[in-house]
$ cat coords04.txt   # compact mmCIF, C-alpha atoms
# COMPACT_ATOMS: atom_id res chain seq x y z
CA MET Z 1 -17.73 -20.74 17.16
CA THR Z 2 -15.71 -17.95 18.74
CA LEU Z 3 -12.60 -18.07 20.86
CA SER Z 4 -11.75 -15.68 23.66
CA MET Z 5 -8.02 -15.86 24.24
CA PRO Z 6 -6.18 -13.31 26.40
CA ARG Z 7 -2.95 -12.22 24.79
CA ILE Z 8 0.24 -13.21 26.58
CA ALA Z 9 2.39 -10.15 27.25
CA CYS Z 10 6.08 -10.37 26.34
CA PRO Z 11 8.49 -9.69 29.22
CA GLU Z 12 9.87 -6.76 27.21
CA GLU Z 13 6.39 -5.30 26.82
CA GLY Z 14 5.71 -5.13 30.54
CA HIS Z 15 2.29 -5.47 32.11
CA GLN Z 16 -0.58 -5.82 29.65
CA SER Z 17 -2.90 -2.83 29.81
CA ASP Z 18 -6.67 -2.75 29.67
CA THR Z 19 -8.26 -4.27 26.60
CA PHE Z 20 -11.33 -2.83 24.93
CA HIS Z 21 -13.38 -5.47 23.14
CA GLN Z 22 -15.51 -4.69 20.14
CA PRO Z 23 -18.53 -6.69 18.97
CA LEU Z 24 -17.62 -9.90 17.20
CA ALA Z 25 -17.01 -9.44 13.50
CA ASP Z 26 -18.41 -11.79 10.89
CA ASN Z 27 -16.92 -15.19 10.17
CA GLY Z 28 -15.71 -15.83 13.71
CA TRP Z 29 -13.17 -13.02 14.19
CA GLU Z 30 -12.91 -11.49 17.64
CA VAL Z 31 -11.56 -7.93 17.77
CA SER Z 32 -9.96 -5.93 20.57
CA GLN Z 33 -8.06 -2.68 20.97
CA ASP Z 34 -5.81 -2.14 23.98
CA ALA Z 35 -4.30 0.80 25.77
CA MET Z 36 -0.85 -0.10 24.38
CA GLY Z 37 -2.09 0.93 20.93
CA TRP Z 38 -2.65 -2.51 19.40
CA LEU Z 39 -5.60 -3.58 17.29
CA GLY Z 40 -5.79 -7.37 17.52
CA MET Z 41 -7.98 -9.95 15.84
CA TRP Z 42 -8.15 -13.71 16.25
CA ARG Z 43 -10.33 -16.67 15.35
CA PRO Z 44 -10.10 -20.46 15.56
CA ALA Z 45 -8.12 -21.99 12.71
CA ASP Z 46 -8.41 -25.42 11.16
CA GLU Z 47 -6.60 -27.84 13.41
CA CYS Z 48 -3.16 -28.69 12.11
CA PRO Z 49 0.11 -30.14 13.42
CA PRO Z 50 2.44 -27.48 14.87
CA VAL Z 51 5.16 -27.98 12.24
CA TRP Z 52 2.65 -27.55 9.42
CA ALA Z 53 1.39 -24.35 11.05
CA LEU Z 54 4.89 -22.88 10.95
CA ALA Z 55 5.52 -24.06 7.39
CA GLU Z 56 2.47 -22.10 6.23
CA HIS Z 57 4.10 -18.82 7.20
CA ALA Z 58 6.81 -19.15 4.56
CA ASP Z 59 4.31 -18.18 1.85
CA TRP Z 60 1.63 -16.09 3.58
CA ILE Z 61 1.31 -12.39 2.97
CA GLY Z 62 0.24 -9.81 5.53
CA PRO Z 63 0.67 -9.68 9.33
CA THR Z 64 -1.31 -12.87 10.00
CA LYS Z 65 0.02 -16.02 11.63
CA LEU Z 66 -1.09 -19.35 13.03
CA VAL Z 67 -0.42 -19.80 16.73
CA CYS Z 68 -0.53 -23.13 18.56
CA ALA Z 69 -1.49 -22.57 22.20
CA ASN Z 70 -3.36 -24.61 24.79
CA ASP Z 71 -3.74 -27.51 22.32
CA ARG Z 72 -5.65 -25.26 19.93
CA VAL Z 73 -4.67 -23.43 16.77
CA ILE Z 74 -5.76 -19.83 16.22
CA GLN Z 75 -5.26 -17.43 13.36
CA ARG Z 76 -4.06 -14.09 14.72
CA VAL Z 77 -3.33 -10.67 13.25
CA ASP Z 78 -1.97 -7.59 15.01
CA PHE Z 79 -1.80 -3.97 13.90
CA PHE Z 80 0.04 -1.27 15.84
CA LEU Z 81 -1.89 2.00 15.76
CA GLY Z 82 0.07 4.05 18.29
CA ARG Z 83 0.53 4.49 22.01
CA ARG Z 84 -2.51 6.67 22.76
CA ARG Z 85 -5.48 5.13 24.56
CA TRP Z 86 -8.28 4.70 22.06
CA SER Z 87 -11.01 5.60 24.53
CA VAL Z 88 -9.57 9.11 25.02
CA PRO Z 89 -10.07 11.62 22.16
CA ASP Z 90 -6.82 12.77 20.61
CA THR Z 91 -6.94 16.55 20.81
CA SER Z 92 -3.99 16.89 18.43
CA LEU Z 93 -6.13 15.59 15.54
CA ASP Z 94 -8.71 17.71 13.80
CA PHE Z 95 -12.05 16.21 12.81
CA GLY Z 96 -10.85 15.17 9.37
CA ALA Z 97 -7.70 13.45 10.65
CA ASP Z 98 -9.61 11.67 13.42
CA SER Z 99 -12.13 10.44 10.85
CA LEU Z 100 -9.28 9.10 8.71
CA ARG Z 101 -7.96 7.15 11.69
CA VAL Z 102 -11.37 5.55 12.24
CA ASP Z 103 -11.58 4.75 8.52
CA LEU Z 104 -8.15 3.11 8.73
CA ALA Z 105 -9.27 0.83 11.58
CA ASP Z 106 -12.36 -0.17 9.60
CA GLU Z 107 -10.21 -0.91 6.56
CA LEU Z 108 -7.89 -3.09 8.65
CA HIS Z 109 -10.87 -5.07 9.98
CA GLN Z 110 -12.05 -5.74 6.44
CA LEU Z 111 -8.54 -6.57 5.28
CA ALA Z 112 -8.13 -9.21 7.97
CA HIS Z 113 -11.45 -10.78 6.93
CA ASP Z 114 -10.85 -10.90 3.22
CA VAL Z 115 -7.17 -10.87 2.32
CA LEU Z 116 -4.56 -11.75 4.92
CA GLY Z 117 -3.14 -15.21 5.40
CA ARG Z 118 -3.26 -16.13 1.74
CA PRO Z 119 -0.32 -16.99 -0.52
CA LYS Z 120 -0.98 -14.29 -3.14
CA PRO Z 121 -0.77 -10.53 -2.59
CA PRO Z 122 -3.69 -8.26 -3.47
CA ALA Z 123 -3.83 -7.32 -7.15
CA ASP Z 124 -1.86 -4.16 -8.01
CA TRP Z 125 -0.86 -3.50 -4.39
CA ARG Z 126 2.01 -1.04 -3.99
CA PRO Z 127 4.04 -0.57 -0.78
CA PRO Z 128 5.39 2.74 0.49
CA PRO Z 129 8.48 3.94 -1.39
CA ALA Z 130 11.59 2.03 -0.32
CA ARG Z 131 13.29 5.33 0.49
CA SER Z 132 10.49 6.17 2.95
CA VAL Z 133 10.79 2.80 4.70
CA ALA Z 134 14.57 3.31 4.90
CA GLU Z 135 14.07 6.75 6.47
CA TRP Z 136 11.66 5.32 9.08
CA LEU Z 137 14.19 2.63 9.95
CA GLU Z 138 16.95 5.22 10.23
CA ASP Z 139 14.73 7.38 12.45
CA ALA Z 140 14.34 4.31 14.70
CA GLY Z 141 18.14 4.02 14.99
CA HIS Z 142 18.90 1.39 12.33
CA GLU Z 143 21.52 1.89 9.63
CA VAL Z 144 20.16 0.79 6.27
CA ALA Z 145 21.68 -0.09 2.90
CA MET Z 146 19.37 0.00 -0.14
CA ASP Z 147 19.83 -1.44 -3.63
CA ARG Z 148 18.21 -0.15 -6.80
CA ASP Z 149 15.54 -2.88 -6.72
CA GLY Z 150 14.12 -1.59 -3.44
CA ASN Z 151 15.67 -4.22 -1.16
CA LEU Z 152 16.95 -2.92 2.18
CA ARG Z 153 19.60 -4.61 4.30
CA LEU Z 154 20.45 -3.97 7.93
CA THR Z 155 21.88 -5.84 10.90
CA LEU Z 156 20.62 -6.33 14.43
CA THR Z 157 23.25 -7.20 17.02
CA ARG Z 158 23.35 -8.72 20.47
CA PRO Z 159 26.44 -9.96 22.36
CA GLY Z 160 27.95 -12.77 20.34
CA CYS Z 161 25.17 -12.87 17.75
CA ASP Z 162 24.13 -10.88 14.68
CA GLY Z 163 20.82 -10.90 12.86
CA GLN Z 164 21.03 -10.07 9.16
CA ILE Z 165 17.75 -8.49 8.01
CA CYS Z 166 16.63 -8.31 4.39
CA ALA Z 167 13.67 -5.97 3.80
CA THR Z 168 12.01 -6.45 0.42
CA VAL Z 169 10.01 -3.36 -0.55
CA GLN Z 170 8.78 -3.96 -4.09
CA PRO Z 171 5.44 -3.99 -5.96
CA GLY Z 172 3.37 -6.80 -4.45
CA ARG Z 173 5.62 -7.37 -1.43
CA CYS Z 174 6.76 -5.64 1.75
CA ARG Z 175 8.55 -8.09 4.03
CA PHE Z 176 11.38 -8.16 6.57
CA THR Z 177 13.18 -11.51 6.87
CA MET Z 178 15.78 -12.58 9.45
CA PRO Z 179 17.31 -16.07 9.10
CA LEU Z 180 17.42 -18.05 12.33
CA GLY Z 181 19.61 -20.80 10.93
CA GLN Z 182 19.88 -23.65 8.46
CA TRP Z 183 20.65 -27.21 9.47
CA GLN Z 184 20.94 -30.67 7.98
CA ASP Z 185 20.33 -34.07 9.62
CA LEU Z 186 19.18 -32.62 12.93
CA PRO Z 187 18.83 -35.17 15.76
CA ASP Z 188 15.18 -35.77 16.59
CA ALA Z 189 15.47 -34.44 20.15
CA ALA Z 190 17.23 -31.28 18.95
CA GLU Z 191 14.58 -30.57 16.32
CA ALA Z 192 11.74 -31.21 18.75
CA ALA Z 193 13.28 -28.87 21.38
CA MET Z 194 13.91 -26.18 18.74
CA LEU Z 195 10.30 -26.41 17.56
CA CYS Z 196 9.03 -26.05 21.13
CA LEU Z 197 11.07 -22.88 21.59
CA ILE Z 198 9.90 -21.52 18.24
CA HIS Z 199 6.23 -22.15 19.00
CA GLN Z 200 6.63 -20.54 22.42
CA ALA Z 201 8.19 -17.42 20.88
CA ASN Z 202 5.67 -17.34 18.02
CA ALA Z 203 2.78 -17.24 20.49
CA ARG Z 204 4.25 -14.26 22.32
CA LEU Z 205 5.67 -12.07 19.57
CA ARG Z 206 3.50 -9.47 17.87
CA LEU Z 207 3.91 -8.77 14.14
CA VAL Z 208 6.76 -11.32 13.92
CA ARG Z 209 5.91 -14.84 12.81
CA LEU Z 210 8.36 -17.72 12.74
CA ALA Z 211 8.64 -20.08 9.79
CA TRP Z 212 10.19 -23.57 9.68
CA THR Z 213 10.84 -25.02 6.24
CA ILE Z 214 11.50 -28.73 5.70
CA GLN Z 215 13.23 -29.90 2.50
CA GLY Z 216 14.34 -33.51 2.75
CA SER Z 217 16.93 -33.65 5.54
CA ARG Z 218 17.38 -29.86 5.53
CA ARG Z 219 15.71 -27.51 7.99
CA ARG Z 220 15.55 -23.74 7.76
CA GLY Z 221 14.15 -21.32 10.31
CA GLU Z 222 13.44 -17.64 9.85
CA ALA Z 223 11.63 -14.76 11.50
CA GLN Z 224 9.32 -12.76 9.24
CA VAL Z 225 7.41 -9.51 9.38
CA ASP Z 226 5.14 -9.13 6.37
CA LEU Z 227 3.27 -5.86 5.80
CA THR Z 228 2.08 -6.76 2.31
CA GLY Z 229 -1.46 -5.64 1.55
CA LEU Z 230 -1.80 -2.98 4.23
CA PRO Z 231 -3.47 0.27 3.15
CA TRP Z 232 -1.22 2.91 1.65
CA ALA Z 233 -1.82 6.05 -0.42
CA ASP Z 234 0.49 8.50 -2.15
CA PRO Z 235 0.26 11.24 -0.98
CA CYS Z 236 -0.47 9.60 2.35
CA PRO Z 237 -2.75 11.17 5.01
CA GLU Z 238 -0.94 11.85 8.29
CA PRO Z 239 -2.73 9.21 10.43
CA MET Z 240 -1.92 6.52 7.86
CA LEU Z 241 1.67 7.74 7.61
CA ASP Z 242 1.96 7.50 11.41
CA PHE Z 243 0.52 3.98 11.19
CA TRP Z 244 3.20 2.85 8.72
CA ARG Z 245 6.02 4.43 10.73
CA ALA Z 246 4.74 2.72 13.89
CA MET Z 247 4.37 -0.67 12.17
CA VAL Z 248 7.94 -0.53 10.82
CA GLU Z 249 9.36 0.47 14.20
CA GLU Z 250 7.44 -2.28 16.01
CA ALA Z 251 8.48 -4.77 13.34
CA MET Z 252 12.13 -4.14 14.14
CA ALA Z 253 11.46 -4.32 17.88
CA GLY Z 254 9.84 -7.73 17.35
CA LEU Z 255 12.78 -8.98 15.29
CA GLU Z 256 15.13 -7.82 18.04
CA ARG Z 257 13.15 -9.92 20.52
CA ALA Z 258 13.31 -12.93 18.20
CA LEU Z 259 17.08 -12.55 17.97
CA LEU Z 260 17.33 -12.14 21.74
CA TRP Z 261 15.32 -15.31 22.44
CA LEU Z 262 16.45 -17.59 19.63
CA GLY Z 263 19.74 -16.25 18.28
CA HIS Z 264 21.88 -18.41 20.58
CA GLU Z 265 19.46 -21.13 21.62
CA LEU Z 266 18.74 -22.73 18.24
CA PRO Z 267 22.38 -23.05 17.05
CA LEU Z 268 23.34 -24.38 20.48
CA LEU Z 269 20.67 -27.08 20.43
CA ALA Z 270 21.68 -28.12 16.92
CA LEU Z 271 25.18 -29.19 18.00
CA PRO Z 272 25.49 -33.00 18.32
CA GLU Z 273 27.44 -32.72 21.58
CA HIS Z 274 24.44 -30.98 23.19
CA GLY Z 275 22.05 -33.92 22.79
CA GLU Z 276 21.50 -34.29 26.54
CA LEU Z 277 20.74 -30.57 26.82
CA ALA Z 278 18.14 -30.84 24.04
CA GLU Z 279 16.49 -33.84 25.70
CA SER Z 280 16.33 -32.22 29.14
CA LEU Z 281 15.01 -28.97 27.67
CA LEU Z 282 12.35 -30.87 25.74
CA VAL Z 283 11.21 -32.63 28.93
CA SER Z 284 11.02 -29.36 30.87
CA LEU Z 285 9.12 -27.59 28.08
CA CYS Z 286 6.61 -30.43 27.80
CA GLU Z 287 6.05 -30.43 31.56
CA ALA Z 288 5.53 -26.65 31.53
$ encode --input "coords04.txt" --output "structure tokens"
Amino acid sequence: MTLSMPRIACPEEGHQSDTFHQPLADNGWEVSQDAMGWLGMWRPADECPPVWALAEHADWIGPTKLVCANDRVIQRVDFFLGRRRWSVPDTSLDFGADSLRVDLADELHQLAHDVLGRPKPPADWRPPPARSVAEWLEDAGHEVAMDRDGNLRLTLTRPGCDGQICATVQPGRCRFTMPLGQWQDLPDAAEAAMLCLIHQANARLRLVRLAWTIQGSRRRGEAQVDLTGLPWADPCPEPMLDFWRAMVEEAMAGLERALLWLGHELPLLALPEHGELAESLLVSLCEA
């Protein structure tokens, strides 16, 4: 069974450009590369309740997520390879560099088949040096603090709302995490409306996946970008170095979108005095 599912463009991304489909890979994966520079893969996932699908993300490694859309669940992975159209030769790359870029795409295909979406990282995997990741973030306009264990901390801001980001760059893990909130004894309507918003955002965001953890009466939401397991070498060939820079920059752009969409909405819906708002929002989302 294969699933053809057009990607929904985010409002911030603008109009979706042409998509170039490749032959279907083994085990049900469908692959496409688009003119925006994305390599995307998706396949049908085992059917599961929406909340369970989000809970899975708390432990998964790699840029894979489960998306609930159109009453179906798919497993989706996105890689950002750059802004150049793939169908046009890049004259700035010599033959060796261009070959390395093709090899990288092949390696990402295989990685999605064999590794991503599992709770354990690949054996002996090492991320880029934390200092390098910090430099890429700084080049993208983000001020970064780094501790001696390789954890990076930075803050995204929007009017009236901050997003505290912890980036863990250590052996066996490379992940950015932004808390969306923590609540206890949420009213049913509030939780249902919050989950609808989260699923809606999760289906539209690239690289970012949203997790919802349930522990008794406590609920915790967070936005994650996990780059664990992606290919890296030291010294790193230029095309692969460009790939990592681009992935980190797009990761932060995705977290900014998550903060923009959910930073105010979730805390607002959690307030007991906004019960009618949660119920009306839930009705409108279900009708849509």
$ closest_residue --input "coords04.txt" --among "Z:Ala278, Z:Ala112, Z:Arg218, Z:Gly181" --to "Cys161 in chain Z" --atoms "all atoms listed in the file"
Z:Gly181
$ atom_distance --input "coords04.txt" --atom1 "CA of Asp226 in chain Z" --atom2 "CA of Asp185 in chain Z"
29.4 Å
$ residues_near_point --input "coords04.txt" --point "(22.3, -8.4, 19.3)" --cutoff "10 Å" --atoms "only C-alpha atoms" --output "JSON list (two decimals) with C-alpha atoms, in the frame of the given file"
[["chain", "number", "residue", "atom", "x", "y", "z"],
["Z", 155, "THR", "CA", 21.88, -5.84, 10.90],
["Z", 156, "LEU", "CA", 20.62, -6.33, 14.43],
["Z", 157, "THR", "CA", 23.25, -7.20, 17.02],
["Z", 158, "ARG", "CA", 23.35, -8.72, 20.47],
["Z", 159, "PRO", "CA", 26.44, -9.96, 22.36],
["Z", 160, "GLY", "CA", 27.95, -12.77, 20.34],
["Z", 161, "CYS", "CA", 25.17, -12.87, 17.75],
["Z", 162, "ASP", "CA", 24.13, -10.88, 14.68],
["Z", 163, "GLY", "CA", 20.82, -10.90, 12.86],
["Z", 256, "GLU", "CA", 15.13, -7.82, 18.04],
["Z", 257, "ARG", "CA", 13.15, -9.92, 20.52],
["Z", 259, "LEU", "CA", 17.08, -12.55, 17.97],
["Z", 260, "LEU", "CA", 17.33, -12.14, 21.74],
["Z", 263, "GLY", "CA", 19.74, -16.25, 18.28]]
$ atom_distance --input "coords04.txt" --atom1 "CA of Trp136 in chain Z" --atom2 "CA of Val169 in chain Z"
13.1 Å
$ atom_distance --input "coords04.txt" --atom1 "CA of His109 in chain Z" --atom2 "CA of Pro49 in chain Z"
27.6 Å
$ residues_around --input "coords04.txt" --residues "range 139-144 of chain Z" --least-positions-apart "6" --cutoff "12 Å" --atoms "all atoms listed in the file" --output "list in words"
Ala130, Arg131, Ser132, Val133, Gly150, Asn151, Leu152, Arg153, Leu154, Thr155, Leu156, Thr157, Gln164, Ile165, Cys166, Ala167, Arg245, Ala246, Met247, Val248, Glu249, Glu250, Ala251, Met252, Ala253 and Glu256 of chain Z
$ write_last_selection --input "coords04.txt" --atoms "C-alpha atoms" --output "PDB file, in the frame of the given file"
ATOM      1  CA  ALA Z 130      11.590   2.030  -0.320  1.00  0.00           C
ATOM      2  CA  ARG Z 131      13.290   5.330   0.490  1.00  0.00           C
ATOM      3  CA  SER Z 132      10.490   6.170   2.950  1.00  0.00           C
ATOM      4  CA  VAL Z 133      10.790   2.800   4.700  1.00  0.00           C
ATOM      5  CA  GLY Z 150      14.120  -1.590  -3.440  1.00  0.00           C
ATOM      6  CA  ASN Z 151      15.670  -4.220  -1.160  1.00  0.00           C
ATOM      7  CA  LEU Z 152      16.950  -2.920   2.180  1.00  0.00           C
ATOM      8  CA  ARG Z 153      19.600  -4.610   4.300  1.00  0.00           C
ATOM      9  CA  LEU Z 154      20.450  -3.970   7.930  1.00  0.00           C
ATOM     10  CA  THR Z 155      21.880  -5.840  10.900  1.00  0.00           C
ATOM     11  CA  LEU Z 156      20.620  -6.330  14.430  1.00  0.00           C
ATOM     12  CA  THR Z 157      23.250  -7.200  17.020  1.00  0.00           C
ATOM     13  CA  GLN Z 164      21.030 -10.070   9.160  1.00  0.00           C
ATOM     14  CA  ILE Z 165      17.750  -8.490   8.010  1.00  0.00           C
ATOM     15  CA  CYS Z 166      16.630  -8.310   4.390  1.00  0.00           C
ATOM     16  CA  ALA Z 167      13.670  -5.970   3.800  1.00  0.00           C
ATOM     17  CA  ARG Z 245       6.020   4.430  10.730  1.00  0.00           C
ATOM     18  CA  ALA Z 246       4.740   2.720  13.890  1.00  0.00           C
ATOM     19  CA  MET Z 247       4.370  -0.670  12.170  1.00  0.00           C
ATOM     20  CA  VAL Z 248       7.940  -0.530  10.820  1.00  0.00           C
ATOM     21  CA  GLU Z 249       9.360   0.470  14.200  1.00  0.00           C
ATOM     22  CA  GLU Z 250       7.440  -2.280  16.010  1.00  0.00           C
ATOM     23  CA  ALA Z 251       8.480  -4.770  13.340  1.00  0.00           C
ATOM     24  CA  MET Z 252      12.130  -4.140  14.140  1.00  0.00           C
ATOM     25  CA  ALA Z 253      11.460  -4.320  17.880  1.00  0.00           C
ATOM     26  CA  GLU Z 256      15.130  -7.820  18.040  1.00  0.00           C
TER      27      GLU Z 256
END
$ closest_atom_pairs --input "coords04.txt" --of "range 95-202 of chain Z" --to "range 219-223 of chain Z" --cutoff "10 Å" --atoms "all atoms listed in the file" --output "JSON lines"
{"residue": "Z:Ile165", "atom": "CA", "partner": "Z:Ala223", "partner_atom": "CA", "distance": 9.4}
{"residue": "Z:Phe176", "atom": "CA", "partner": "Z:Ala223", "partner_atom": "CA", "distance": 8.2}
{"residue": "Z:Thr177", "atom": "CA", "partner": "Z:Ala223", "partner_atom": "CA", "distance": 5.9}
{"residue": "Z:Met178", "atom": "CA", "partner": "Z:Ala223", "partner_atom": "CA", "distance": 5.1}
{"residue": "Z:Pro179", "atom": "CA", "partner": "Z:Glu222", "partner_atom": "CA", "distance": 4.2}
{"residue": "Z:Leu180", "atom": "CA", "partner": "Z:Glu222", "partner_atom": "CA", "distance": 4.7}
{"residue": "Z:Gly181", "atom": "CA", "partner": "Z:Gly221", "partner_atom": "CA", "distance": 5.5}
{"residue": "Z:Gln182", "atom": "CA", "partner": "Z:Arg220", "partner_atom": "CA", "distance": 4.4}
{"residue": "Z:Trp183", "atom": "CA", "partner": "Z:Arg219", "partner_atom": "CA", "distance": 5.2}
{"residue": "Z:Gln184", "atom": "CA", "partner": "Z:Arg219", "partner_atom": "CA", "distance": 6.1}
{"residue": "Z:Asp185", "atom": "CA", "partner": "Z:Arg219", "partner_atom": "CA", "distance": 8.2}
{"residue": "Z:Leu186", "atom": "CA", "partner": "Z:Arg219", "partner_atom": "CA", "distance": 7.9}
{"residue": "Z:Glu191", "atom": "CA", "partner": "Z:Arg219", "partner_atom": "CA", "distance": 8.9}
{"residue": "Z:Met194", "atom": "CA", "partner": "Z:Gly221", "partner_atom": "CA", "distance": 9.7}
{"residue": "Z:Leu195", "atom": "CA", "partner": "Z:Gly221", "partner_atom": "CA", "distance": 9.7}
{"residue": "Z:Ile198", "atom": "CA", "partner": "Z:Gly221", "partner_atom": "CA", "distance": 9.0}
{"residue": "Z:Asn202", "atom": "CA", "partner": "Z:Ala223", "partner_atom": "CA", "distance": 9.2}
